[in-house]
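K.L.:
First, the structure itself, so that you have it in front of you.
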Amino acid sequence: MSKISQFLIINQNKIEILQKGQNGTPIIILTGMGCSFDEWYEVAELLSKTNRVIMFHRPGLGESEIHNEVRNTQTVVNEVKEMIHLLKLSEPVVLVGHSYGGLCVQHFVKKHPEKVAGIVLVDSTSVDLKVLDDLNLPVLNEGATDEFWMEKCRSYSQMKREELREVINPTLTKEQKLLPNDIQKRLINFRINPTLYKAMYSEISNWKRDGDIIKNLVVYPDIPLIVISRDKEHNIKLGTMEGLSEWELRLFEEKWQELIMNQVNLTSNSKYIIAQGASHSIHIDRPDIIVQSINKINSFLN
């Protein structure tokens, strides 16, 4: 079973979902901020051989509608809960969250632990993300603060598609150029959708407050957890090749890795994995590690 452009009505928005596979424990993948579920094509294809894989575009992303609602992690928690209900998923699911999607997963499992069998956090945003603002990073922070990105997103959200195409000039990675042609086209079109940036503006506006809220919720249920981190040295190398300050990159990457490693302490049944040779986009650079990690959760559950 593979249904692209299947829609559910959730909180009065038409939400685009993708389902692949029919058997095994359901796996719900929450993508990062500004990321399409089509980026997870290879992961979903492999997992669908043994599991039912479900992904969705949050409001504003892809073909999912967005109105004027606040976009925060609690809103995503409500949407995932309703999606589970509408899809009639009666058994606990495995939740996979990348980046901002990982922050949403951390919120969901604290609010609805009975609905979660296991978790995989993929270079997930930390509930303590605001500590990154305390780092002395004059070069990296130039054009990288929340305020900078919010203003950029506000501007992009007011443009038409063809204007965005000219301004952004979206391109594909070498890995994405190997994907089917229809997926490549969808990935490009995803980037030139003004509502994507409307959603991102709201998500960025709220994510640090969301982190504080999640921290103050009840403790995690003691369920299987795998935490995957990007390769610190690989990312420093990539940054220096772009002419960025090596000492700033190292300071940032060491703090980021510390925050990721702290997530291992969320349960007593956890494991930490470094995705060697991977950037933040681990699902693109090392999809094999994500599939292996989810299969480990599956084997534990079975």
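Chains: A, B, ... in order of the structure tokens. Residues: from 1 per chain. Ligands: from 1, in order shown.
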Check which residues of segment 160-205 of chain A sit at most 7 Å from segment 38-62 of chain A using only C-alpha atoms, and return one row each with the closest pair of atoms and their distance in Å to one decimal, ordered by chain and rising number, as a tab-separated table.
P.N.:
```
residue	atom	partner	partner_atom	distance
A:Ile183	CA	A:Asp38	CA	6.5
A:Leu187	CA	A:Asp38	CA	6.7
A:Phe190	CA	A:Gly62	CA	5.4
A:Thr195	CA	A:Gly60	CA	4.7
A:Leu196	CA	A:Gly60	CA	4.9
A:Lys198	CA	A:Gly60	CA	6.9
A:Ala199	CA	A:Gly60	CA	5.4
```
K.L.:
Dump as JSON lines the rows for residues of segment 233-294 of chain A within 12 Å of segment 83-97 of chain A: closest atom pair and distance in Å with one decimal, only C-alpha atoms counted, ordered by chain and rising residue number.
P.N.:
```
{"residue": "A:Ile282", "atom": "CA", "partner": "A:Gly97", "partner_atom": "CA", "distance": 11.5}
{"residue": "A:His283", "atom": "CA", "partner": "A:Gly97", "partner_atom": "CA", "distance": 10.7}
{"residue": "A:Ile290", "atom": "CA", "partner": "A:Val96", "partner_atom": "CA", "distance": 9.2}
{"residue": "A:Val291", "atom": "CA", "partner": "A:Val96", "partner_atom": "CA", "distance": 10.6}
{"residue": "A:Ser293", "atom": "CA", "partner": "A:Val96", "partner_atom": "CA", "distance": 10.1}
{"residue": "A:Ile294", "atom": "CA", "partner": "A:Val94", "partner_atom": "CA", "distance": 8.2}
```
K.L.:
Can you write just those residues out, all heavy atoms, as a compact mmCIF listing (two decimals), in the first residue's frame?
P.N.:
```txt
# COMPACT_ATOMS: atom_id res chain seq x y z
N ILE A 282 20.58 13.39 8.61
CA ILE A 282 21.00 12.00 8.72
C ILE A 282 20.15 11.09 7.84
O ILE A 282 20.65 10.10 7.27
CB ILE A 282 20.94 11.54 10.20
CG1 ILE A 282 21.92 12.37 11.04
CG2 ILE A 282 21.26 10.05 10.33
CD1 ILE A 282 21.82 12.12 12.54
N HIS A 283 18.88 11.42 7.69
CA HIS A 283 17.98 10.59 6.88
C HIS A 283 18.37 10.59 5.40
O HIS A 283 18.01 9.68 4.66
CB HIS A 283 16.53 11.08 7.02
CG HIS A 283 16.33 12.52 6.66
ND1 HIS A 283 16.89 13.54 7.38
CD2 HIS A 283 15.64 13.11 5.66
CE1 HIS A 283 16.54 14.70 6.84
NE2 HIS A 283 15.80 14.47 5.78
N ILE A 290 19.32 4.94 10.35
CA ILE A 290 17.96 5.14 10.86
C ILE A 290 17.17 3.84 10.75
O ILE A 290 16.48 3.43 11.69
CB ILE A 290 17.26 6.28 10.11
CG1 ILE A 290 17.98 7.60 10.39
CG2 ILE A 290 15.79 6.38 10.52
CD1 ILE A 290 17.43 8.79 9.65
N VAL A 291 17.27 3.17 9.62
CA VAL A 291 16.54 1.91 9.43
C VAL A 291 17.02 0.87 10.44
O VAL A 291 16.21 0.17 11.06
CB VAL A 291 16.73 1.40 7.98
CG1 VAL A 291 16.15 -0.01 7.83
CG2 VAL A 291 16.05 2.34 7.00
N SER A 293 18.28 1.39 13.35
CA SER A 293 17.83 1.79 14.69
C SER A 293 16.37 1.44 14.91
O SER A 293 15.99 0.92 15.97
CB SER A 293 18.06 3.29 14.89
OG SER A 293 19.43 3.61 14.81
N ILE A 294 15.54 1.70 13.91
CA ILE A 294 14.12 1.38 14.03
C ILE A 294 13.94 -0.13 14.09
O ILE A 294 13.09 -0.64 14.85
CB ILE A 294 13.33 1.99 12.87
CG1 ILE A 294 13.39 3.52 12.94
CG2 ILE A 294 11.88 1.51 12.88
CD1 ILE A 294 12.82 4.24 11.74
```
K.L.:
Quick one: everything within 10 Å of Ile260 of chain A, counting only C-alpha atoms, minus sequence neighbours fewer than 2 positions away in the same chain. Send it as a list in words.
P.N.:
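So the residues in contact are Leu121, Val122, Asp123, Ser124, Thr125, Ser126, Val127, Asp128, Val227, Ile228, Ser229, Arg230, Glu254, Lys255, Trp256, Gln257, Glu258, Asn262, Gln263, Val264, Asn265 and Tyr272 of chain A.
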K.L.:
With N, CA and C atoms retained, write the just-selected residues as a PDB file, in the first residue's frame.
P.N.:
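Full text of again_12.pdb as output:
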```
ATOM      1  N   LEU A 121      15.005   9.277  18.164  1.00  0.00           N
ATOM      2  CA  LEU A 121      15.254  10.709  18.002  1.00  0.00           C
ATOM      3  C   LEU A 121      16.456  10.890  17.084  1.00  0.00           C
ATOM      4  N   VAL A 122      16.246  11.598  15.978  1.00  0.00           N
ATOM      5  CA  VAL A 122      17.280  11.750  14.953  1.00  0.00           C
ATOM      6  C   VAL A 122      17.814  13.185  14.981  1.00  0.00           C
ATOM      7  N   ASP A 123      18.978  13.366  15.602  1.00  0.00           N
ATOM      8  CA  ASP A 123      19.577  14.697  15.757  1.00  0.00           C
ATOM      9  C   ASP A 123      18.501  15.702  16.167  1.00  0.00           C
ATOM     10  N   SER A 124      17.779  15.326  17.192  1.00  0.00           N
ATOM     11  CA  SER A 124      16.577  16.055  17.605  1.00  0.00           C
ATOM     12  C   SER A 124      16.899  17.376  18.286  1.00  0.00           C
ATOM     13  N   THR A 125      16.064  18.362  18.018  1.00  0.00           N
ATOM     14  CA  THR A 125      16.118  19.624  18.757  1.00  0.00           C
ATOM     15  C   THR A 125      15.947  19.319  20.245  1.00  0.00           C
ATOM     16  N   SER A 126      16.768  19.964  21.056  1.00  0.00           N
ATOM     17  CA  SER A 126      16.737  19.747  22.501  1.00  0.00           C
ATOM     18  C   SER A 126      15.713  20.648  23.171  1.00  0.00           C
ATOM     19  N   VAL A 127      15.163  20.175  24.277  1.00  0.00           N
ATOM     20  CA  VAL A 127      14.278  21.033  25.081  1.00  0.00           C
ATOM     21  C   VAL A 127      15.063  22.200  25.667  1.00  0.00           C
ATOM     22  N   ASP A 128      16.385  22.073  25.696  1.00  0.00           N
ATOM     23  CA  ASP A 128      17.259  23.134  26.209  1.00  0.00           C
ATOM     24  C   ASP A 128      17.891  23.940  25.074  1.00  0.00           C
ATOM     25  N   VAL A 227      18.802   7.309  20.431  1.00  0.00           N
ATOM     26  CA  VAL A 227      19.158   8.689  20.112  1.00  0.00           C
ATOM     27  C   VAL A 227      20.287   8.667  19.095  1.00  0.00           C
ATOM     28  N   ILE A 228      20.055   9.291  17.946  1.00  0.00           N
ATOM     29  CA  ILE A 228      21.062   9.330  16.878  1.00  0.00           C
ATOM     30  C   ILE A 228      21.572  10.760  16.747  1.00  0.00           C
ATOM     31  N   SER A 229      22.881  10.885  16.757  1.00  0.00           N
ATOM     32  CA  SER A 229      23.527  12.197  16.630  1.00  0.00           C
ATOM     33  C   SER A 229      24.290  12.292  15.316  1.00  0.00           C
ATOM     34  N   ARG A 230      24.360  13.478  14.778  1.00  0.00           N
ATOM     35  CA  ARG A 230      25.197  13.705  13.603  1.00  0.00           C
ATOM     36  C   ARG A 230      26.675  13.593  13.979  1.00  0.00           C
ATOM     37  N   GLU A 254      30.127  20.989  19.764  1.00  0.00           N
ATOM     38  CA  GLU A 254      30.313  20.308  21.047  1.00  0.00           C
ATOM     39  C   GLU A 254      29.116  20.514  21.961  1.00  0.00           C
ATOM     40  N   LYS A 255      28.552  21.717  21.962  1.00  0.00           N
ATOM     41  CA  LYS A 255      27.356  21.969  22.775  1.00  0.00           C
ATOM     42  C   LYS A 255      26.155  21.212  22.203  1.00  0.00           C
ATOM     43  N   TRP A 256      26.031  21.188  20.872  1.00  0.00           N
ATOM     44  CA  TRP A 256      24.924  20.457  20.242  1.00  0.00           C
ATOM     45  C   TRP A 256      24.995  18.976  20.607  1.00  0.00           C
ATOM     46  N   GLN A 257      26.196  18.400  20.509  1.00  0.00           N
ATOM     47  CA  GLN A 257      26.338  16.978  20.831  1.00  0.00           C
ATOM     48  C   GLN A 257      26.042  16.713  22.303  1.00  0.00           C
ATOM     49  N   GLU A 258      26.442  17.626  23.164  1.00  0.00           N
ATOM     50  CA  GLU A 258      26.123  17.490  24.590  1.00  0.00           C
ATOM     51  C   GLU A 258      24.616  17.457  24.811  1.00  0.00           C
ATOM     52  N   ASN A 262      22.361  14.239  26.197  1.00  0.00           N
ATOM     53  CA  ASN A 262      21.483  14.359  27.362  1.00  0.00           C
ATOM     54  C   ASN A 262      20.148  13.655  27.137  1.00  0.00           C
ATOM     55  N   GLN A 263      19.735  13.529  25.883  1.00  0.00           N
ATOM     56  CA  GLN A 263      18.456  12.888  25.588  1.00  0.00           C
ATOM     57  C   GLN A 263      18.487  11.396  25.904  1.00  0.00           C
ATOM     58  N   VAL A 264      19.679  10.833  25.955  1.00  0.00           N
ATOM     59  CA  VAL A 264      19.808   9.408  26.298  1.00  0.00           C
ATOM     60  C   VAL A 264      19.283   9.154  27.707  1.00  0.00           C
ATOM     61  N   ASN A 265      19.338  10.155  28.570  1.00  0.00           N
ATOM     62  CA  ASN A 265      18.916  10.000  29.957  1.00  0.00           C
ATOM     63  C   ASN A 265      17.404  10.074  30.146  1.00  0.00           C
ATOM     64  N   TYR A 272      22.708   5.286  22.456  1.00  0.00           N
ATOM     65  CA  TYR A 272      23.209   6.459  21.745  1.00  0.00           C
ATOM     66  C   TYR A 272      24.051   6.014  20.561  1.00  0.00           C
TER      67      TYR A 272
END
```
K.L.:
Residues within 7 Å of Met200 of chain A, please, as a list in words. Count only C-alpha atoms; anything in the same chain fewer than 3 positions from it doesn't count.
P.N.:
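Here the answer would be Met33, Gly34, Cys153, Leu196, Tyr197, Glu203 and Ile204 of chain A.
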K.L.:
How about saving the chosen residues, N, CA, C and O atoms kept, as a PDB file, in the first residue's frame?
P.N.:
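Written output follows (part36.pdb):
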```pdb
ATOM      1  N   MET A  33      11.826  20.835  10.737  1.00  0.00           N
ATOM      2  CA  MET A  33      11.242  22.099  10.326  1.00  0.00           C
ATOM      3  C   MET A  33      11.606  22.395   8.864  1.00  0.00           C
ATOM      4  O   MET A  33      12.766  22.330   8.475  1.00  0.00           O
ATOM      5  N   GLY A  34      10.594  22.681   8.071  1.00  0.00           N
ATOM      6  CA  GLY A  34      10.825  23.003   6.666  1.00  0.00           C
ATOM      7  C   GLY A  34      11.213  21.818   5.815  1.00  0.00           C
ATOM      8  O   GLY A  34      11.721  21.987   4.699  1.00  0.00           O
ATOM      9  N   CYS A 153      11.433  34.277   6.848  1.00  0.00           N
ATOM     10  CA  CYS A 153      10.224  33.486   6.615  1.00  0.00           C
ATOM     11  C   CYS A 153       9.016  34.385   6.381  1.00  0.00           C
ATOM     12  O   CYS A 153       8.158  34.088   5.538  1.00  0.00           O
ATOM     13  N   LEU A 196       4.751  27.251   3.409  1.00  0.00           N
ATOM     14  CA  LEU A 196       5.824  26.599   4.165  1.00  0.00           C
ATOM     15  C   LEU A 196       6.459  27.603   5.120  1.00  0.00           C
ATOM     16  O   LEU A 196       6.709  27.301   6.294  1.00  0.00           O
ATOM     17  N   TYR A 197       6.686  28.794   4.631  1.00  0.00           N
ATOM     18  CA  TYR A 197       7.395  29.807   5.422  1.00  0.00           C
ATOM     19  C   TYR A 197       6.472  30.475   6.442  1.00  0.00           C
ATOM     20  O   TYR A 197       6.945  30.927   7.495  1.00  0.00           O
ATOM     21  N   GLU A 203       6.460  28.294  13.942  1.00  0.00           N
ATOM     22  CA  GLU A 203       7.195  27.267  14.691  1.00  0.00           C
ATOM     23  C   GLU A 203       8.424  27.853  15.377  1.00  0.00           C
ATOM     24  O   GLU A 203       8.693  27.572  16.554  1.00  0.00           O
ATOM     25  N   ILE A 204       9.178  28.682  14.639  1.00  0.00           N
ATOM     26  CA  ILE A 204      10.373  29.309  15.220  1.00  0.00           C
ATOM     27  C   ILE A 204       9.983  30.252  16.359  1.00  0.00           C
ATOM     28  O   ILE A 204      10.680  30.347  17.370  1.00  0.00           O
TER      29      ILE A 204
END
```
K.L.:
Show me, as a ChimeraX atom specification, the residues that have an atom within 10 Å of Thr73 of chain A when counting only C-alpha atoms, minus same-chain residues fewer than 5 positions from it.
P.N.:
/A:78-79,100-108,203,206-207,209-211,213-214
K.L.:
With C-alpha atoms retained, could you export that selection as a PDB file, in the first residue's frame?
P.N.:
```pdb
ATOM      1  CA  ASN A  78      -2.973  17.232  19.029  1.00  0.00           C
ATOM      2  CA  GLU A  79      -2.672  16.567  15.291  1.00  0.00           C
ATOM      3  CA  TYR A 100      12.069  19.928  15.222  1.00  0.00           C
ATOM      4  CA  GLY A 101      10.026  16.764  14.666  1.00  0.00           C
ATOM      5  CA  GLY A 102      12.045  15.232  17.515  1.00  0.00           C
ATOM      6  CA  LEU A 103      10.999  18.071  19.811  1.00  0.00           C
ATOM      7  CA  CYS A 104       7.375  17.291  18.918  1.00  0.00           C
ATOM      8  CA  VAL A 105       7.978  13.589  19.632  1.00  0.00           C
ATOM      9  CA  GLN A 106       9.375  14.439  23.067  1.00  0.00           C
ATOM     10  CA  HIS A 107       6.221  16.440  23.794  1.00  0.00           C
ATOM     11  CA  PHE A 108       3.872  13.721  22.499  1.00  0.00           C
ATOM     12  CA  GLU A 203       7.195  27.267  14.691  1.00  0.00           C
ATOM     13  CA  ASN A 206       7.379  29.244  19.748  1.00  0.00           C
ATOM     14  CA  TRP A 207      10.005  26.496  19.890  1.00  0.00           C
ATOM     15  CA  ARG A 209       8.901  28.306  24.889  1.00  0.00           C
ATOM     16  CA  ASP A 210       7.856  24.806  23.804  1.00  0.00           C
ATOM     17  CA  GLY A 211      11.149  23.423  25.140  1.00  0.00           C
ATOM     18  CA  ILE A 213       6.926  23.521  28.600  1.00  0.00           C
ATOM     19  CA  ILE A 214       8.102  20.008  27.661  1.00  0.00           C
TER      20      ILE A 214
END
```
K.L.:
Measuring atom to atom with only C-alpha atoms, identify which of A:Ser281, A:Lys271, A:Arg161, A:Lys130 is nearest to Leu259 of chain A.
P.N.:
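Of A:Ser281, A:Lys271, A:Arg161, A:Lys130, the one nearest Leu259 of chain A is A:Lys130, counting only C-alpha atoms.
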K.L.:
List every residue of segment 50-138 of chain A that DSSP, applied to the backbone of this structure, assigns to strand (DSSP E or B), and report them as a list in words.
P.N.:
Val53, Ile54, Met55, Phe56, Val93, Val94, Leu95, Val96, Gly97, His98, Val116, Ala117, Gly118, Ile119, Val120, Leu121 and Val122 of chain A
K.L.:
Which one of A:Phe37, A:Ser270, A:Gln276, A:Leu132 sits closest to Ile226 of chain A if you count only C-alpha atoms?
P.N.:
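For Ile226 of chain A, the nearest of the given residues is A:Ser270.
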K.L.:
I'd like to know which of A:Val167, A:Lys215, A:Pro138, A:Phe7 is closest to Gln19 of chain A, using only C-alpha atoms.
P.N.:
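Of the candidates, the smallest distance to Gln19 of chain A is held by A:Phe7.
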K.L.:
For Thr31 of chain A, which of A:Ser99, A:Asn302, A:Ser245, A:Gln158 is the closest residue, counting only C-alpha atoms?
P.N.:
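That would be A:Ser99, the residue with the smallest distance to Thr31 of chain A.
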K.L.:
Point out the residue among A:Glu114, A:Glu253, A:Asp231, A:Asp133 with the least atom-to-atom distance to Ala278 of chain A, counting only C-alpha atoms.
P.N.:
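Closest to Ala278 of chain A of all the choices is A:Asp231.
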K.L.:
I need the alpha helix (DSSP H) residues of segment 241-271 of chain A per DSSP on the backbone, written as a PyMOL selection string.
P.N.:
chain A and resi 241+246-262
K.L.:
Would you mind exporting N, CA and C atoms of the selected residues as a PDB file, in the first residue's frame?
P.N.:
```pdb
ATOM      1  N   MET A 241      35.061  24.228   5.258  1.00  0.00           N
ATOM      2  CA  MET A 241      35.151  24.251   3.795  1.00  0.00           C
ATOM      3  C   MET A 241      34.340  25.396   3.204  1.00  0.00           C
ATOM      4  N   GLU A 246      36.501  27.891  12.473  1.00  0.00           N
ATOM      5  CA  GLU A 246      36.589  26.540  13.024  1.00  0.00           C
ATOM      6  C   GLU A 246      36.329  26.524  14.519  1.00  0.00           C
ATOM      7  N   TRP A 247      36.841  27.525  15.260  1.00  0.00           N
ATOM      8  CA  TRP A 247      36.640  27.497  16.710  1.00  0.00           C
ATOM      9  C   TRP A 247      35.174  27.730  17.064  1.00  0.00           C
ATOM     10  N   GLU A 248      34.468  28.548  16.277  1.00  0.00           N
ATOM     11  CA  GLU A 248      33.036  28.737  16.525  1.00  0.00           C
ATOM     12  C   GLU A 248      32.265  27.464  16.190  1.00  0.00           C
ATOM     13  N   LEU A 249      32.615  26.844  15.093  1.00  0.00           N
ATOM     14  CA  LEU A 249      31.965  25.591  14.710  1.00  0.00           C
ATOM     15  C   LEU A 249      32.159  24.528  15.786  1.00  0.00           C
ATOM     16  N   ARG A 250      33.385  24.437  16.296  1.00  0.00           N
ATOM     17  CA  ARG A 250      33.668  23.425  17.317  1.00  0.00           C
ATOM     18  C   ARG A 250      32.888  23.717  18.595  1.00  0.00           C
ATOM     19  N   LEU A 251      32.831  24.980  18.982  1.00  0.00           N
ATOM     20  CA  LEU A 251      32.076  25.357  20.176  1.00  0.00           C
ATOM     21  C   LEU A 251      30.609  24.982  20.028  1.00  0.00           C
ATOM     22  N   PHE A 252      30.043  25.296  18.862  1.00  0.00           N
ATOM     23  CA  PHE A 252      28.631  24.985  18.618  1.00  0.00           C
ATOM     24  C   PHE A 252      28.392  23.481  18.561  1.00  0.00           C
ATOM     25  N   GLU A 253      29.215  22.769  17.801  1.00  0.00           N
ATOM     26  CA  GLU A 253      29.008  21.332  17.618  1.00  0.00           C
ATOM     27  C   GLU A 253      29.189  20.562  18.929  1.00  0.00           C
ATOM     28  N   GLU A 254      30.127  20.989  19.764  1.00  0.00           N
ATOM     29  CA  GLU A 254      30.313  20.308  21.047  1.00  0.00           C
ATOM     30  C   GLU A 254      29.116  20.514  21.961  1.00  0.00           C
ATOM     31  N   LYS A 255      28.552  21.717  21.962  1.00  0.00           N
ATOM     32  CA  LYS A 255      27.356  21.969  22.775  1.00  0.00           C
ATOM     33  C   LYS A 255      26.155  21.212  22.203  1.00  0.00           C
ATOM     34  N   TRP A 256      26.031  21.188  20.872  1.00  0.00           N
ATOM     35  CA  TRP A 256      24.924  20.457  20.242  1.00  0.00           C
ATOM     36  C   TRP A 256      24.995  18.976  20.607  1.00  0.00           C
ATOM     37  N   GLN A 257      26.196  18.400  20.509  1.00  0.00           N
ATOM     38  CA  GLN A 257      26.338  16.978  20.831  1.00  0.00           C
ATOM     39  C   GLN A 257      26.042  16.713  22.303  1.00  0.00           C
ATOM     40  N   GLU A 258      26.442  17.626  23.164  1.00  0.00           N
ATOM     41  CA  GLU A 258      26.123  17.490  24.590  1.00  0.00           C
ATOM     42  C   GLU A 258      24.616  17.457  24.811  1.00  0.00           C
ATOM     43  N   LEU A 259      23.890  18.340  24.127  1.00  0.00           N
ATOM     44  CA  LEU A 259      22.426  18.367  24.259  1.00  0.00           C
ATOM     45  C   LEU A 259      21.801  17.083  23.729  1.00  0.00           C
ATOM     46  N   ILE A 260      22.347  16.567  22.625  1.00  0.00           N
ATOM     47  CA  ILE A 260      21.826  15.311  22.071  1.00  0.00           C
ATOM     48  C   ILE A 260      22.087  14.160  23.043  1.00  0.00           C
ATOM     49  N   MET A 261      23.291  14.106  23.595  1.00  0.00           N
ATOM     50  CA  MET A 261      23.634  13.025  24.521  1.00  0.00           C
ATOM     51  C   MET A 261      22.774  13.063  25.775  1.00  0.00           C
ATOM     52  N   ASN A 262      22.361  14.239  26.197  1.00  0.00           N
ATOM     53  CA  ASN A 262      21.483  14.359  27.362  1.00  0.00           C
ATOM     54  C   ASN A 262      20.148  13.655  27.137  1.00  0.00           C
TER      55      ASN A 262
END
```
K.L.:
Would you please work out which residue, of A:Lys177, A:Leu129, A:Ser202, A:Asp134, is nearest to Arg154 of chain A when using only C-alpha atoms?
P.N.:
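Counting only C-alpha atoms, the residue closest to Arg154 of chain A is A:Ser202.
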